[in-house]
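**Q** Let me give you the structure first, and then I'll get to my questions.
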Amino acid sequence: MPHKPLVFSGIQPTGNLHLGNYLGAIRNWIGLQAQHECMFCVVDLHALTGDFLDPALLNTATRRVAAAYIASGIDPAKSIIFNQSQVPAHAELAWIFNCVARVGWLNRMTQFKDKAGKDRERASAGLYVYPNLMAADVLLYKATHVPVGEDQKQHLELMRDIAQKFNNDYGVPEFFPLPEPLIMGPATRVMSLRDGTAKMSKSDPSETSRILLSDPPERIVEKIRKARTDPAPLPDSVEGLAGRAEADNLVAIYAALSGETKATVVARYAGALFSRFKEDLGERLVSVLAPIRAEMLRLEDDPSHINRILAEGSARARARAAPVLQDVFDIVGFVKAER
Ligand code: TYM
């Protein structure tokens with residue numbers, strides 16, 4: 001039984017969105033929206049897995065992520081935009097997947113190791129089973145394609161293992177699809193502006209390591225100007241970027257913004273100084289991000305409008321989730337309480 005194409009992705013409302021979230025994920029969603037049915041989730045259940053999160057911050061960040069989706073070009077009339085907590089079936093299916101996934105599989109997750117750090121005993125149990133909830137997010141709708149950044153690849157592999165094991169154990173071949181990761185474009189792993197070997201992330205203590213979608217234009221230009229590079233000029237081929245992590249990162253960012261390949265960008269700037277390249281890059285960033293920021297600010301000014309969009313999206317999501325969860329309940333053998 002071939003599954004109908006459906007795109008699903010999500011972002012955690014745990015802080016301000018940065019350029020990595022935009023180039024690795026959101027920007028790619030816009031193109032997909034034109035061709036496929038899509039669901040874009042604000043994963044507020046996942047947001048609780050880290051350190052204690054101030055409820056007021058979670059509340060604001062949830063609306064802010066939704067605003068970023070819309071401001072970037074996701075159309076709520078077309079795609080379903082919703083927050084995970086409003087569809088209880090995510091947590092219900094996640095429980096079943098907690099019982100399908102093996103401890104050995106979860107022990108291999110590098111993101112858990114990174115996020116838990118040295119003191120693993122203190123990590124939340126939720127952080128440990130995080131990938132099972134992520135599998136539930138996608139499989140609850142039998143979604144087939146998951147556009148994400150490179151750092152989510154291992155979680156996607158685990159998701160496929162869960163789907164496969166469920167289908168095998170219960171003798172329901174092809175009940176769940178095996179979702180395909182879509183890791184697209186030249187900036188699937190945007191690196192820190194301070195250290196080309198570290199991923200750009202919400203949790204980096206250095207503010208100048210990342211560009212935020214909420215940064216005003218002059219801040220963007222300043223962060224790019226200060227971005228670390230080596231003293232050599234731009235090379236004349238992509239091979240010349242090897243071993244130059246910071247240079248490679250800036251070229252990848254430029255290419256993702258201009259819709260070109262890194263090879264085209266390098267060919268244009270061969271031999272140029274980074275000071276000049278950074279000026280152009282800063283300009284490009286501002287031309288893409290300033291309108292998004294302005295629209296986000298406008299949207300955030302009217303929280304009830306975003307609340308309504310999330311409420312509508314959640315209702316649509318609940319309607320889609322219900323029959324799949326009922327099938328799962330029947331498959332695993334839960335007795336339906338009839339009145
Ligand atoms: P999160 O919230 O950490 O990140 C959201 C998206 O941004 C991408 N990303 C990056 N891409 C390129 N370079 C970077 N430096 C960078 N940093 C982050 C991530 O790959 C992601 O696509 N587990 C997910 C959220 C999630 C989800 C899902 C995603 C929950 N359920 C179901 C897809 C489908 C996460 O923590 O993303």
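Lettering and numbering for the structure tokens are positional, with chains as A, B, ... in the shown order, residues counted from 1 in each chain, and ligands counted from 1 in the shown order.
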For ligand 1, list the contacting residues at 6 Å or closer, counting only C-alpha atoms and all ligand atoms, as JSON, numbers by chain.

**A** {"A": [8, 9, 10, 11, 12, 20, 21, 24, 25, 43, 134, 137, 138, 146, 148, 149, 150, 151, 152, 188, 189, 190, 191, 199, 200, 201]}

**Q** For the structure I just gave you, how does DSSP split range 46-264 of chain A - specifically, which residues are helix (DSSP H, G or I)? Reply as a PyMOL selection string.

**A** chain A and resi 46-49+55-72+84-86+89-98+103-107+110-116+120-122+125-139+150-169+207-209+217-226+238-241+245-258+262-264

**Q** Quick one: pick out all strand (DSSP E or B) residues within range 18-90 of chain A from a backbone DSSP run and write them as a list in words.

**A**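 Across range 18-90 of chain A, those assigned strand (DSSP E or B) are His18, Cys38, Met39, Phe40, Cys41, Val42, Ile80, Ile81, Phe82 and Asn83 of chain A.
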
**Q** Take the residues that were just selected and, keeping all heavy atoms, output them as a PDB file, in the first residue's frame.

**A**
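That gives us part.pdb:
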```pdb
ATOM      1  N   HIS A  18      17.304  30.751  15.013  1.00  0.00           N
ATOM      2  CA  HIS A  18      18.524  31.284  14.414  1.00  0.00           C
ATOM      3  C   HIS A  18      18.637  30.877  12.947  1.00  0.00           C
ATOM      4  O   HIS A  18      17.781  30.141  12.425  1.00  0.00           O
ATOM      5  CB  HIS A  18      19.752  30.851  15.230  1.00  0.00           C
ATOM      6  CG  HIS A  18      19.863  29.365  15.412  1.00  0.00           C
ATOM      7  ND1 HIS A  18      20.156  28.508  14.386  1.00  0.00           N
ATOM      8  CD2 HIS A  18      19.698  28.597  16.506  1.00  0.00           C
ATOM      9  CE1 HIS A  18      20.193  27.276  14.836  1.00  0.00           C
ATOM     10  NE2 HIS A  18      19.910  27.293  16.131  1.00  0.00           N
ATOM     11  N   CYS A  38       1.364  19.660   3.649  1.00  0.00           N
ATOM     12  CA  CYS A  38       2.395  19.815   4.681  1.00  0.00           C
ATOM     13  C   CYS A  38       1.782  20.091   6.042  1.00  0.00           C
ATOM     14  O   CYS A  38       0.740  20.750   6.139  1.00  0.00           O
ATOM     15  CB  CYS A  38       3.299  21.012   4.359  1.00  0.00           C
ATOM     16  SG  CYS A  38       4.276  20.844   2.872  1.00  0.00           S
ATOM     17  N   MET A  39       2.480  19.622   7.071  1.00  0.00           N
ATOM     18  CA  MET A  39       2.118  19.946   8.450  1.00  0.00           C
ATOM     19  C   MET A  39       3.365  20.466   9.150  1.00  0.00           C
ATOM     20  O   MET A  39       4.412  19.810   9.101  1.00  0.00           O
ATOM     21  CB  MET A  39       1.624  18.702   9.190  1.00  0.00           C
ATOM     22  CG  MET A  39       0.424  18.070   8.518  1.00  0.00           C
ATOM     23  SD  MET A  39      -0.169  16.621   9.415  1.00  0.00           S
ATOM     24  CE  MET A  39      -0.974  17.386  10.813  1.00  0.00           C
ATOM     25  N   PHE A  40       3.256  21.637   9.771  1.00  0.00           N
ATOM     26  CA  PHE A  40       4.402  22.210  10.478  1.00  0.00           C
ATOM     27  C   PHE A  40       3.999  22.455  11.930  1.00  0.00           C
ATOM     28  O   PHE A  40       3.046  23.182  12.217  1.00  0.00           O
ATOM     29  CB  PHE A  40       4.876  23.485   9.786  1.00  0.00           C
ATOM     30  CG  PHE A  40       5.338  23.221   8.371  1.00  0.00           C
ATOM     31  CD1 PHE A  40       4.648  23.733   7.289  1.00  0.00           C
ATOM     32  CD2 PHE A  40       6.429  22.392   8.136  1.00  0.00           C
ATOM     33  CE1 PHE A  40       5.053  23.463   5.983  1.00  0.00           C
ATOM     34  CE2 PHE A  40       6.843  22.110   6.838  1.00  0.00           C
ATOM     35  CZ  PHE A  40       6.153  22.648   5.763  1.00  0.00           C
ATOM     36  N   CYS A  41       4.740  21.805  12.799  1.00  0.00           N
ATOM     37  CA  CYS A  41       4.357  21.733  14.198  1.00  0.00           C
ATOM     38  C   CYS A  41       5.310  22.574  15.060  1.00  0.00           C
ATOM     39  O   CYS A  41       6.498  22.661  14.766  1.00  0.00           O
ATOM     40  CB  CYS A  41       4.453  20.257  14.596  1.00  0.00           C
ATOM     41  SG  CYS A  41       3.809  19.866  16.207  1.00  0.00           S
ATOM     42  N   VAL A  42       4.771  23.181  16.097  1.00  0.00           N
ATOM     43  CA  VAL A  42       5.620  23.805  17.115  1.00  0.00           C
ATOM     44  C   VAL A  42       5.650  22.770  18.249  1.00  0.00           C
ATOM     45  O   VAL A  42       4.621  22.513  18.882  1.00  0.00           O
ATOM     46  CB  VAL A  42       5.018  25.143  17.603  1.00  0.00           C
ATOM     47  CG1 VAL A  42       5.987  25.815  18.576  1.00  0.00           C
ATOM     48  CG2 VAL A  42       4.700  26.056  16.427  1.00  0.00           C
ATOM     49  N   ILE A  80      -0.888  22.919   7.479  1.00  0.00           N
ATOM     50  CA  ILE A  80      -1.407  22.887   8.851  1.00  0.00           C
ATOM     51  C   ILE A  80      -0.301  23.351   9.801  1.00  0.00           C
ATOM     52  O   ILE A  80       0.775  22.761   9.842  1.00  0.00           O
ATOM     53  CB  ILE A  80      -1.870  21.465   9.221  1.00  0.00           C
ATOM     54  CG1 ILE A  80      -3.040  21.046   8.324  1.00  0.00           C
ATOM     55  CG2 ILE A  80      -2.252  21.391  10.703  1.00  0.00           C
ATOM     56  CD1 ILE A  80      -3.588  19.660   8.593  1.00  0.00           C
ATOM     57  N   ILE A  81      -0.564  24.433  10.515  1.00  0.00           N
ATOM     58  CA  ILE A  81       0.380  24.929  11.529  1.00  0.00           C
ATOM     59  C   ILE A  81      -0.277  24.720  12.882  1.00  0.00           C
ATOM     60  O   ILE A  81      -1.404  25.180  13.109  1.00  0.00           O
ATOM     61  CB  ILE A  81       0.670  26.437  11.320  1.00  0.00           C
ATOM     62  CG1 ILE A  81       1.307  26.669   9.946  1.00  0.00           C
ATOM     63  CG2 ILE A  81       1.568  26.971  12.424  1.00  0.00           C
ATOM     64  CD1 ILE A  81       1.588  28.143   9.639  1.00  0.00           C
ATOM     65  N   PHE A  82       0.398  24.023  13.776  1.00  0.00           N
ATOM     66  CA  PHE A  82      -0.234  23.745  15.077  1.00  0.00           C
ATOM     67  C   PHE A  82       0.822  23.491  16.128  1.00  0.00           C
ATOM     68  O   PHE A  82       1.994  23.297  15.815  1.00  0.00           O
ATOM     69  CB  PHE A  82      -1.166  22.536  14.972  1.00  0.00           C
ATOM     70  CG  PHE A  82      -0.463  21.207  14.817  1.00  0.00           C
ATOM     71  CD1 PHE A  82      -0.461  20.288  15.866  1.00  0.00           C
ATOM     72  CD2 PHE A  82       0.204  20.863  13.648  1.00  0.00           C
ATOM     73  CE1 PHE A  82       0.184  19.061  15.731  1.00  0.00           C
ATOM     74  CE2 PHE A  82       0.849  19.640  13.509  1.00  0.00           C
ATOM     75  CZ  PHE A  82       0.833  18.740  14.553  1.00  0.00           C
ATOM     76  N   ASN A  83       0.390  23.511  17.402  1.00  0.00           N
ATOM     77  CA  ASN A  83       1.335  23.135  18.463  1.00  0.00           C
ATOM     78  C   ASN A  83       0.953  21.778  19.036  1.00  0.00           C
ATOM     79  O   ASN A  83      -0.215  21.474  19.293  1.00  0.00           O
ATOM     80  CB  ASN A  83       1.481  24.234  19.520  1.00  0.00           C
ATOM     81  CG  ASN A  83       0.185  24.666  20.161  1.00  0.00           C
ATOM     82  OD1 ASN A  83      -0.838  24.720  19.490  1.00  0.00           O
ATOM     83  ND2 ASN A  83       0.227  24.967  21.432  1.00  0.00           N
TER      84      ASN A  83
END
```

**Q** Which residues, written as a PyMOL selection string, have at least one atom at most 10 Å from Ala89 in chain A, with only C-alpha atoms counted and residues fewer than 6 positions away on the same chain left out?

**A** chain A and resi 95+136-137+140+317-318+321-322+324-326

**Q** Could you check the closest approach to Ser275 in chain A for each of A:Glu222, A:Glu295, A:Glu180, A:Asp44 and tell me which residue wins, using only C-alpha atoms?

**A**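 Nearest candidate to Ser275 in chain A out of A:Glu222, A:Glu295, A:Glu180, A:Asp44: A:Glu222.
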
**Q** Rank A:Leu281, A:Ala91, A:Ala242, A:Ala311 by their smallest atom-to-atom distance to Ser258 in chain A, using only C-alpha atoms, and report the top residue only.

**A**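 Answer, going by the shortest atom-to-atom distance: A:Leu281.
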
**Q** Contacts of Asn28 in chain A at 8 Å or less, counting only C-alpha atoms, minus same-chain residues fewer than 4 places along, as a list in words?

**A**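 In the requested form, the answer reads Leu23, Gly24, Leu32, Pro147, Met184 and Gly185 of chain A.
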
**Q** Excluding Asn307 in chain A and any residue of its chain fewer than 4 positions from it, enumerate the residues within 10 Å of it, using only C-alpha atoms, and give them as a PyMOL selection string.

**A** chain A and resi 62-63+66+82-83+302-303+311-313

**Q** Write the residues of the preceding selection, restricted to C-alpha atoms, as a short mmCIF file (atom, residue, chain, number, x, y, z; two decimals), in the first residue's frame.

**A**
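Ended up saving to selection-v6.cif:
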```
data_model
loop_
_atom_site.label_atom_id
_atom_site.label_comp_id
_atom_site.auth_asym_id
_atom_site.auth_seq_id
_atom_site.Cartn_x
_atom_site.Cartn_y
_atom_site.Cartn_z
CA THR A 62 5.45 28.97 20.97
CA ARG A 63 3.73 31.93 19.34
CA ALA A 66 4.47 30.03 14.71
CA PHE A 82 -0.23 23.75 15.08
CA ASN A 83 1.34 23.14 18.46
CA ASP A 302 -1.52 40.36 17.82
CA PRO A 303 -1.20 37.20 19.93
CA ALA A 311 -6.32 26.50 17.27
CA GLU A 312 -7.49 25.95 13.72
CA GLY A 313 -4.39 23.98 12.79
#
```

**Q** Might you pull out every residue within 12 Å of Asn98 in chain A, with only C-alpha atoms counted and same-chain residues fewer than 6 positions away left off, and present them as a list in words?

**A**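 Using only C-alpha atoms, the neighbours found are Ala91, Glu92, Trp105, Leu106, Ala125, Gly126, Tyr128, Val129, Tyr130, Pro131, Asn132, Leu133, Met134, Ala135, Ala136, Met159, Ile162 and Phe166 of chain A.
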
**Q** Grab the residues selected above and save them as a short mmCIF file (atom, residue, chain, number, x, y, z; two decimals), in the first residue's frame with all heavy atoms.

**A**
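Writing done, so here's part_22.cif:
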```cif
data_model
loop_
_atom_site.label_atom_id
_atom_site.label_comp_id
_atom_site.auth_asym_id
_atom_site.auth_seq_id
_atom_site.Cartn_x
_atom_site.Cartn_y
_atom_site.Cartn_z
N ALA A 91 1.20 12.31 22.36
CA ALA A 91 1.72 11.72 23.60
C ALA A 91 1.26 10.26 23.73
O ALA A 91 1.99 9.40 24.23
CB ALA A 91 1.26 12.54 24.80
N GLU A 92 0.05 9.98 23.25
CA GLU A 92 -0.47 8.61 23.34
C GLU A 92 0.32 7.65 22.45
O GLU A 92 0.71 6.56 22.86
CB GLU A 92 -1.96 8.59 22.96
CG GLU A 92 -2.82 9.38 23.94
CD GLU A 92 -4.27 9.46 23.48
OE1 GLU A 92 -5.06 8.58 23.83
OE2 GLU A 92 -4.60 10.41 22.75
N TRP A 105 18.74 1.07 21.29
CA TRP A 105 18.65 2.05 20.18
C TRP A 105 18.82 3.46 20.73
O TRP A 105 19.52 4.29 20.15
CB TRP A 105 17.28 1.98 19.48
CG TRP A 105 16.91 0.68 18.85
CD1 TRP A 105 17.67 -0.47 18.78
CD2 TRP A 105 15.67 0.37 18.19
NE1 TRP A 105 16.97 -1.45 18.13
CE2 TRP A 105 15.75 -0.95 17.76
CE3 TRP A 105 14.50 1.10 17.93
CZ2 TRP A 105 14.71 -1.58 17.06
CZ3 TRP A 105 13.47 0.49 17.25
CH2 TRP A 105 13.57 -0.85 16.82
N LEU A 106 18.11 3.74 21.82
CA LEU A 106 18.16 5.10 22.39
C LEU A 106 19.57 5.42 22.90
O LEU A 106 20.02 6.56 22.82
CB LEU A 106 17.14 5.25 23.51
CG LEU A 106 15.68 5.19 23.07
CD1 LEU A 106 14.75 5.18 24.29
CD2 LEU A 106 15.31 6.36 22.16
N ALA A 125 13.98 12.18 32.04
CA ALA A 125 13.63 10.94 31.34
C ALA A 125 13.05 11.29 29.97
O ALA A 125 13.20 10.56 29.00
CB ALA A 125 12.64 10.13 32.17
N GLY A 126 12.39 12.45 29.91
CA GLY A 126 11.82 12.90 28.64
C GLY A 126 12.89 13.11 27.57
O GLY A 126 12.67 12.80 26.40
N TYR A 128 15.55 11.48 27.26
CA TYR A 128 16.00 10.16 26.81
C TYR A 128 15.04 9.58 25.75
O TYR A 128 15.47 9.04 24.74
CB TYR A 128 16.11 9.25 28.03
CG TYR A 128 16.72 7.92 27.74
CD1 TYR A 128 18.04 7.82 27.30
CD2 TYR A 128 15.99 6.74 27.89
CE1 TYR A 128 18.61 6.60 27.03
CE2 TYR A 128 16.56 5.52 27.63
CZ TYR A 128 17.86 5.44 27.19
OH TYR A 128 18.43 4.23 26.91
N VAL A 129 13.73 9.72 26.00
CA VAL A 129 12.76 9.14 25.06
C VAL A 129 12.29 10.15 24.00
O VAL A 129 11.37 9.85 23.22
CB VAL A 129 11.54 8.53 25.81
CG1 VAL A 129 11.96 7.32 26.62
CG2 VAL A 129 10.85 9.56 26.68
N TYR A 130 12.94 11.27 23.97
CA TYR A 130 12.65 12.34 23.00
C TYR A 130 12.45 11.80 21.57
O TYR A 130 11.48 12.15 20.89
CB TYR A 130 13.83 13.30 23.09
CG TYR A 130 13.87 14.49 22.18
CD1 TYR A 130 13.86 15.77 22.71
CD2 TYR A 130 13.96 14.35 20.80
CE1 TYR A 130 13.94 16.87 21.89
CE2 TYR A 130 14.03 15.44 19.98
CZ TYR A 130 14.02 16.70 20.52
OH TYR A 130 14.08 17.78 19.70
N PRO A 131 13.36 10.93 21.08
CA PRO A 131 13.19 10.47 19.69
C PRO A 131 11.92 9.63 19.47
O PRO A 131 11.41 9.58 18.36
CB PRO A 131 14.43 9.59 19.45
CG PRO A 131 15.39 9.91 20.53
CD PRO A 131 14.58 10.38 21.70
N ASN A 132 11.41 9.01 20.54
CA ASN A 132 10.17 8.24 20.38
C ASN A 132 8.98 9.18 20.15
O ASN A 132 8.08 8.89 19.37
CB ASN A 132 9.91 7.37 21.62
CG ASN A 132 11.02 6.36 21.85
OD1 ASN A 132 11.79 6.07 20.94
ND2 ASN A 132 11.09 5.82 23.05
N LEU A 133 9.01 10.31 20.86
CA LEU A 133 7.95 11.31 20.67
C LEU A 133 8.07 11.91 19.26
O LEU A 133 7.07 12.15 18.59
CB LEU A 133 8.06 12.41 21.74
CG LEU A 133 7.09 13.58 21.62
CD1 LEU A 133 5.64 13.13 21.66
CD2 LEU A 133 7.34 14.61 22.74
N MET A 134 9.28 12.10 18.82
CA MET A 134 9.49 12.64 17.47
C MET A 134 8.95 11.66 16.42
O MET A 134 8.34 12.07 15.42
CB MET A 134 10.99 12.90 17.28
CG MET A 134 11.31 13.54 15.98
SD MET A 134 13.00 14.20 16.01
CE MET A 134 13.27 14.31 14.25
N ALA A 135 9.17 10.37 16.66
CA ALA A 135 8.64 9.35 15.73
C ALA A 135 7.11 9.41 15.73
O ALA A 135 6.47 9.33 14.67
CB ALA A 135 9.12 7.97 16.14
N ALA A 136 6.53 9.61 16.92
CA ALA A 136 5.07 9.68 17.01
C ALA A 136 4.55 10.90 16.24
O ALA A 136 3.53 10.82 15.56
CB ALA A 136 4.64 9.76 18.47
N MET A 159 13.42 6.63 13.80
CA MET A 159 11.99 6.68 13.47
C MET A 159 11.63 5.56 12.49
O MET A 159 10.62 4.88 12.64
CB MET A 159 11.70 8.05 12.85
CG MET A 159 10.26 8.32 12.53
SD MET A 159 10.10 9.91 11.67
CE MET A 159 10.66 11.08 12.90
N ILE A 162 11.59 2.28 14.27
CA ILE A 162 10.36 2.11 15.08
C ILE A 162 9.19 1.70 14.16
O ILE A 162 8.45 0.77 14.47
CB ILE A 162 10.04 3.42 15.85
CG1 ILE A 162 11.05 3.64 16.97
CG2 ILE A 162 8.62 3.38 16.40
CD1 ILE A 162 10.90 4.98 17.72
N PHE A 166 7.28 -1.89 14.49
CA PHE A 166 5.84 -1.94 14.76
C PHE A 166 5.15 -2.76 13.67
O PHE A 166 4.39 -3.69 13.96
CB PHE A 166 5.26 -0.52 14.82
CG PHE A 166 3.78 -0.49 15.14
CD1 PHE A 166 3.34 -0.30 16.44
CD2 PHE A 166 2.83 -0.65 14.13
CE1 PHE A 166 1.97 -0.29 16.74
CE2 PHE A 166 1.47 -0.64 14.42
CZ PHE A 166 1.03 -0.47 15.72
#
```

**Q** Leaving out range 204-213 of chain A and any residue of its chain fewer than 2 positions from it, which residues lie within 7 Å of it when counting only C-alpha atoms, given as a ChimeraX atom specification?

**A** /A:16-19,192-194,200-202,215,220,223,289,293

**Q** Keeping all heavy atoms, export the residues of the selection given above as a tab-separated table (two decimals), in the first residue's frame.

**A**
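To be explicit, this is the file written out as part.tsv:
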```tsv
chain	number	residue	atom	x	y	z
A	16	ASN	N	15.15	31.78	20.87
A	16	ASN	CA	15.00	32.48	19.61
A	16	ASN	C	15.49	31.64	18.45
A	16	ASN	O	16.52	30.99	18.56
A	16	ASN	CB	15.78	33.79	19.67
A	16	ASN	CG	14.98	34.84	20.41
A	16	ASN	OD1	13.76	34.93	20.25
A	16	ASN	ND2	15.66	35.63	21.23
A	17	LEU	N	14.77	31.68	17.35
A	17	LEU	CA	15.21	30.91	16.18
A	17	LEU	C	16.43	31.58	15.56
A	17	LEU	O	16.57	32.79	15.58
A	17	LEU	CB	14.08	30.83	15.15
A	17	LEU	CG	12.84	30.07	15.63
A	17	LEU	CD1	11.85	29.90	14.49
A	17	LEU	CD2	13.24	28.71	16.17
A	18	HIS	N	17.30	30.75	15.01
A	18	HIS	CA	18.52	31.28	14.41
A	18	HIS	C	18.64	30.88	12.95
A	18	HIS	O	17.78	30.14	12.42
A	18	HIS	CB	19.75	30.85	15.23
A	18	HIS	CG	19.86	29.37	15.41
A	18	HIS	ND1	20.16	28.51	14.39
A	18	HIS	CD2	19.70	28.60	16.51
A	18	HIS	CE1	20.19	27.28	14.84
A	18	HIS	NE2	19.91	27.29	16.13
A	19	LEU	N	19.70	31.37	12.34
A	19	LEU	CA	19.91	31.15	10.91
A	19	LEU	C	19.97	29.66	10.55
A	19	LEU	O	19.52	29.26	9.47
A	19	LEU	CB	21.22	31.85	10.49
A	19	LEU	CG	21.53	31.88	9.01
A	19	LEU	CD1	20.47	32.67	8.24
A	19	LEU	CD2	22.92	32.50	8.77
A	192	SER	N	28.67	27.63	13.91
A	192	SER	CA	28.82	28.83	14.74
A	192	SER	C	29.70	29.85	14.03
A	192	SER	O	30.66	29.48	13.34
A	192	SER	CB	29.46	28.42	16.07
A	192	SER	OG	30.17	29.50	16.63
A	193	LEU	N	29.39	31.13	14.21
A	193	LEU	CA	30.22	32.17	13.58
A	193	LEU	C	31.53	32.38	14.34
A	193	LEU	O	32.43	33.06	13.87
A	193	LEU	CB	29.45	33.50	13.52
A	193	LEU	CG	28.15	33.49	12.72
A	193	LEU	CD1	27.48	34.86	12.76
A	193	LEU	CD2	28.38	33.07	11.27
A	194	ARG	N	31.60	31.79	15.54
A	194	ARG	CA	32.82	31.93	16.34
A	194	ARG	C	33.75	30.73	16.19
A	194	ARG	O	34.92	30.81	16.52
A	194	ARG	CB	32.49	32.09	17.84
A	194	ARG	CG	31.49	33.16	18.19
A	194	ARG	CD	31.88	34.56	17.76
A	194	ARG	NE	33.25	34.92	18.04
A	194	ARG	CZ	33.94	35.84	17.38
A	194	ARG	NH1	33.38	36.49	16.38
A	194	ARG	NH2	35.18	36.11	17.71
A	200	MET	N	25.87	25.89	14.85
A	200	MET	CA	25.16	27.07	15.34
A	200	MET	C	23.97	26.56	16.16
A	200	MET	O	23.21	25.73	15.67
A	200	MET	CB	24.65	27.93	14.17
A	200	MET	CG	23.98	29.22	14.62
A	200	MET	SD	23.45	30.28	13.26
A	200	MET	CE	24.98	31.01	12.69
A	201	SER	N	23.86	27.01	17.39
A	201	SER	CA	22.78	26.46	18.22
A	201	SER	C	22.22	27.49	19.19
A	201	SER	O	22.88	28.49	19.50
A	201	SER	CB	23.28	25.22	18.98
A	201	SER	OG	23.79	25.60	20.24
A	202	LYS	N	20.97	27.19	19.63
A	202	LYS	CA	20.29	28.10	20.55
A	202	LYS	C	21.01	28.15	21.88
A	202	LYS	O	20.87	29.10	22.64
A	202	LYS	CB	18.86	27.59	20.81
A	202	LYS	CG	17.92	27.65	19.63
A	202	LYS	CD	16.58	26.99	19.98
A	202	LYS	CE	15.74	26.72	18.73
A	202	LYS	NZ	14.89	25.54	18.82
A	215	ASP	N	17.17	39.47	15.05
A	215	ASP	CA	18.24	40.48	15.03
A	215	ASP	C	17.90	41.63	14.08
A	215	ASP	O	17.54	41.38	12.92
A	215	ASP	CB	19.57	39.86	14.56
A	215	ASP	CG	20.32	39.17	15.68
A	215	ASP	OD1	20.06	39.47	16.86
A	215	ASP	OD2	21.17	38.30	15.37
A	220	ILE	N	22.97	42.12	12.45
A	220	ILE	CA	23.33	41.05	11.51
A	220	ILE	C	24.65	41.40	10.84
A	220	ILE	O	25.59	40.60	10.78
A	220	ILE	CB	22.22	40.87	10.44
A	220	ILE	CG1	20.94	40.36	11.11
A	220	ILE	CG2	22.68	39.92	9.33
A	220	ILE	CD1	19.75	40.22	10.17
A	223	LYS	N	27.54	41.09	13.27
A	223	LYS	CA	27.92	39.71	13.59
A	223	LYS	C	28.69	39.07	12.43
A	223	LYS	O	29.62	38.31	12.65
A	223	LYS	CB	26.67	38.87	13.91
A	223	LYS	CG	26.11	39.13	15.30
A	223	LYS	CD	24.88	38.26	15.55
A	223	LYS	CE	24.32	38.52	16.94
A	223	LYS	NZ	23.05	37.77	17.17
A	289	LEU	N	16.39	38.47	5.73
A	289	LEU	CA	15.87	38.37	7.10
A	289	LEU	C	15.08	39.59	7.58
A	289	LEU	O	14.18	39.45	8.41
A	289	LEU	CB	17.01	38.07	8.08
A	289	LEU	CG	17.74	36.73	7.87
A	289	LEU	CD1	18.78	36.52	8.97
A	289	LEU	CD2	16.76	35.56	7.85
A	293	ARG	N	11.73	39.47	9.83
A	293	ARG	CA	11.69	40.02	11.18
A	293	ARG	C	10.53	41.02	11.32
A	293	ARG	O	9.78	41.00	12.32
A	293	ARG	CB	13.02	40.72	11.49
A	293	ARG	CG	13.02	41.49	12.78
A	293	ARG	CD	14.41	42.00	13.10
A	293	ARG	NE	14.44	42.75	14.32
A	293	ARG	CZ	14.31	44.08	14.40
A	293	ARG	NH1	14.14	44.80	13.29
A	293	ARG	NH2	14.36	44.67	15.56
```

**Q** Have a look at A:Ser214, A:Ser85, A:Phe112, A:Thr49 and name the one nearest to Leu297 in chain A; count only C-alpha atoms.

**A** A:Ser214

**Q** Work out how far apart CA of Pro2 in chain A and CA of Ile26 in chain A are and give it in Å to one decimal.

**A**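 Those two atoms sit 27.0 Å apart.
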
**Q** So which one's closest to Gly271 in chain A, A:Asp236, A:Asp301, A:Asp327, A:Glu174? Using only C-alpha atoms, please.

**A**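 Under the stated criterion, the closest residue is A:Asp236.
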
**Q** Compare A:Ala34, A:Leu139, A:Ala256, A:Val172 by their minimum atom-to-atom distance to Asp75 in chain A, counting only C-alpha atoms, and give me the closest one.

**A**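 Comparing A:Ala34, A:Leu139, A:Ala256, A:Val172 against Asp75 in chain A, the winner is A:Ala34.
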
**Q** Pick out the closest residue to Gln84 in chain A from this set: A:Leu45, A:Lys336, A:Asp230, A:Ser203. Count only C-alpha atoms.

**A**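 With only C-alpha atoms as the atom set, the closest residue is A:Leu45.
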
**Q** Quick one: distance from CA of Pro181 in chain A to CA of Asn167 in chain A in Å, one decimal?

**A**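 Result for CA of Pro181 in chain A versus CA of Asn167 in chain A: 19.3 Å, one decimal.
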
**Q** For the atom pair CA of Leu234 in chain A and CA of Leu285 in chain A, what is the interatomic distance in Å to one decimal place?

**A**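 Separation between CA of Leu234 in chain A and CA of Leu285 in chain A: 19.0 Å.
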